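Report on one structure; see the data block that follows.
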Amino acid sequence: MFIRSSASPISVVTGGAGFLGSHLTDRLLAEGHRVVAIDNFLTGSTANIAHLAGNENYRLIRHDVSNFIFLPDDVDFIFHFASPASPIDYLEHPIPTLKVGSLGTHNALGLAKDKKAAFLLASTSECYGDPLVHPQREDYWGNVNPIGPRGVYDEAKRFAEAITMAYHRYHHVNTHIVRIFNTYGPRMRLRDGRVVPAFIGQALAGEPLTIFGDGSQTRSFCYCTDLIDGIFRLSQSAFHEPVNIGNPREMTIRQFAEEIIRLTGTTSKIEFRPLPEDDPKVRQPDIARAKSVLGWEPRVEFDEGIRKTIEYFGTRMK
Ligand SMILES: NC(=O)c1ccc[n+]([C@@H]2O[C@H](COP(=O)([O-])OP(=O)(O)OC[C@H]3O[C@@H](n4cnc5c(N)ncnc54)[C@H](O)[C@@H]3O)[C@@H](O)[C@H]2O)c1
């Protein structure tokens, strides 16, 4: 228990054993915070936080945040990252996804209100759905199919944004919303269905790289430490409207597959499969707001980030 024994801030990270939650934890500890991670390990892993064992500034609580959250400690910041995040995960866990986006966000906001803590919601570019505006600015309201298979994730996050703004307007909680665009890096799971681990895993195994559709759909990929830097800056700001954080460098899925083949030196070929329902055709953040409000822009070059990620997956596949 931390309660309040020193001046260093206390941060709660829900989803702290996940890919992004664990990188955020590392950054917060490096900034001198004490961190309480709360995770039910639905999609997270102890491997992501094994390096924190014995760290006296770190504590892990195994708990489902869709249920009431009780913490005796003082809390200064709450980072609400708990949610299945990859299509495979939220299609496999549709109800827990809806619950953690709605009930979980309500519980995390309630904790923030009770503790007079700042609150940051990990929202998503999926709020824009299959966008009719390109690139996507924060004032675009999106094009989401509420009853399609992906609706469980997209609508949960849209509800999460709505309740976050309501707590800000009605209860005056110091809230922040980050709309995260595709992010990649070490600690992603090889088979989580996201394109970066999928292609790297296939390339390293010498299997064909599978592209859904004709590969002309575009994505932009942000390296995890760049994203976390933007999120940390946002948490320190006085800005309450959503902010896109992502890398605007756009490429087609086909170009991306070709880059992975080049950088891994694999002999794998590319194979094409039918496009899943509601798969967005384009996705690129407009980061003008992040630049002006946070002085943030991505710094890690694509080759550098991908090389580090390939290296990580290389060790995981041995
Ligand atoms: N990675 C991306 O590119 C991306 C893009 C947009 C948004 N996001 C958002 O960022 C957050 C983290 O994503 P990630 O990529 O690290 O995913 P992840 O699956 O690696 O991490 C999510 C974590 O939340 C935990 N969790 C899920 N439901 C929970 C619950 N009810 N109670 C407690 N813990 C729970 C999981 O066990 C896991 O550790 C998510 O909210 C996601 O929607 C991520």
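Quick note on naming: the chains in the structure tokens go A, B, ... in the order shown, residues restart at 1 in each chain, and ligands are numbered from 1 in order of appearance.
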- Task: Select from region 179-227 of chain A everything DSSP, run on the backbone, classes as strand (DSSP E), then give the selection as a PyMOL selection string.
- Result: chain A and resi 179-180+183-184+209-212+218-220+222-223
- Message: What residues of the protein or nucleic acid chains come within 7 Å of ligand 1 when you use only C-alpha atoms and all ligand atoms? Reply as number ranges by chain.
- Response: A: 14-21, 38-45, 63-66, 80-86, 96-97, 100, 104, 122-125, 179-184, 188
With only C-alpha atoms as the counted atoms, please give the residues lying no more than 9 Å from Ile261 (chain A), apart from itself and same-chain residues fewer than 5 positions off, as a short mmCIF file (atom, residue, chain, number, x, y, z; two decimals) with N, CA and C atoms, in the first residue's frame.
data_model
loop_
_atom_site.label_atom_id
_atom_site.label_comp_id
_atom_site.auth_asym_id
_atom_site.auth_seq_id
_atom_site.Cartn_x
_atom_site.Cartn_y
_atom_site.Cartn_z
N PHE A 199 2.41 -9.88 -39.43
CA PHE A 199 3.39 -9.92 -40.54
C PHE A 199 4.78 -10.31 -40.04
N ILE A 200 5.19 -9.75 -38.90
CA ILE A 200 6.55 -10.06 -38.42
C ILE A 200 6.62 -11.55 -38.05
N ALA A 203 6.76 -13.56 -41.20
CA ALA A 203 8.06 -13.40 -41.89
C ALA A 203 9.15 -14.20 -41.16
N LEU A 209 2.92 -13.96 -45.89
CA LEU A 209 2.29 -12.83 -45.19
C LEU A 209 0.87 -12.69 -45.75
N PHE A 256 3.51 -2.10 -46.52
CA PHE A 256 3.98 -2.48 -45.20
C PHE A 256 4.51 -3.92 -45.21
N THR A 266 13.35 -12.25 -45.07
CA THR A 266 12.68 -13.55 -45.23
C THR A 266 12.46 -13.88 -46.71
N THR A 267 12.23 -15.16 -46.97
CA THR A 267 11.88 -15.57 -48.34
C THR A 267 10.36 -15.68 -48.49
N SER A 268 9.61 -15.29 -47.44
CA SER A 268 8.14 -15.38 -47.46
C SER A 268 7.56 -14.58 -48.63
N LYS A 269 6.42 -15.09 -49.15
CA LYS A 269 5.67 -14.38 -50.19
C LYS A 269 4.41 -13.77 -49.57
#
- Query: Of the candidates A:Arg62, A:His172, A:Arg283, A:Arg254, which one gets nearest to Ala118 (chain A) if we count only C-alpha atoms?
  - Reply: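 Among A:Arg62, A:His172, A:Arg283, A:Arg254, it is A:His172 that comes nearest to Ala118 (chain A).
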- Any idea what's packed within 6 Å of Gln217 (chain A), counting only C-alpha atoms, ignoring anything in its chain fewer than 4 positions away? Could you give it as a list of chain:residue names?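 The contact residues come out as A:Thr252, A:Lys281, A:Val282.
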- Message: For a test of reading the model, state the distance in Å between CA of Tyr90 (chain A) and CA of Asn174 (chain A), rounded to one decimal.
- Response: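 These atoms are spaced 28.8 Å apart.
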- Query: Would you give me, as JSON, numbers by chain, the residues in region 5-110 of chain A that DSSP reads as helix (DSSP H, G or I)?
  - Reply: {"A": [19, 20, 21, 22, 23, 24, 25, 26, 27, 28, 29, 30, 46, 47, 48, 50, 51, 52, 87, 88, 89, 90, 91, 92, 94, 95, 96, 97, 98, 99, 100, 101, 102, 103, 104, 105, 106, 107, 108, 109, 110]}
- Message: Ranking A:Thr46, A:Ser235, A:Asn244, A:Thr164 by minimum distance to Pro135 (chain A) and counting only C-alpha atoms, which one comes first?
- Response: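 Using only C-alpha atoms, the shortest distance to Pro135 (chain A) belongs to A:Asn244.
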- Separation of CA of Phe159 (chain A) from CA of Leu109 (chain A), in Å and rounded to one decimal: 12.9 Å
- Query: Which polymer residues have any atom within 8 Å of an atom of region 136-143 of chain A, counting only C-alpha atoms, with same-chain residues fewer than 4 positions away left out, as a ChimeraX atom specification?
  - Reply: /A:127-132,242-244,283-287
- Message: Between CA of Gly265 (chain A) and CA of Thr210 (chain A), what is the distance in Å, rounded to a tenth?
- Response: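 Going from CA of Gly265 (chain A) over to CA of Thr210 (chain A) covers 16.9 Å.
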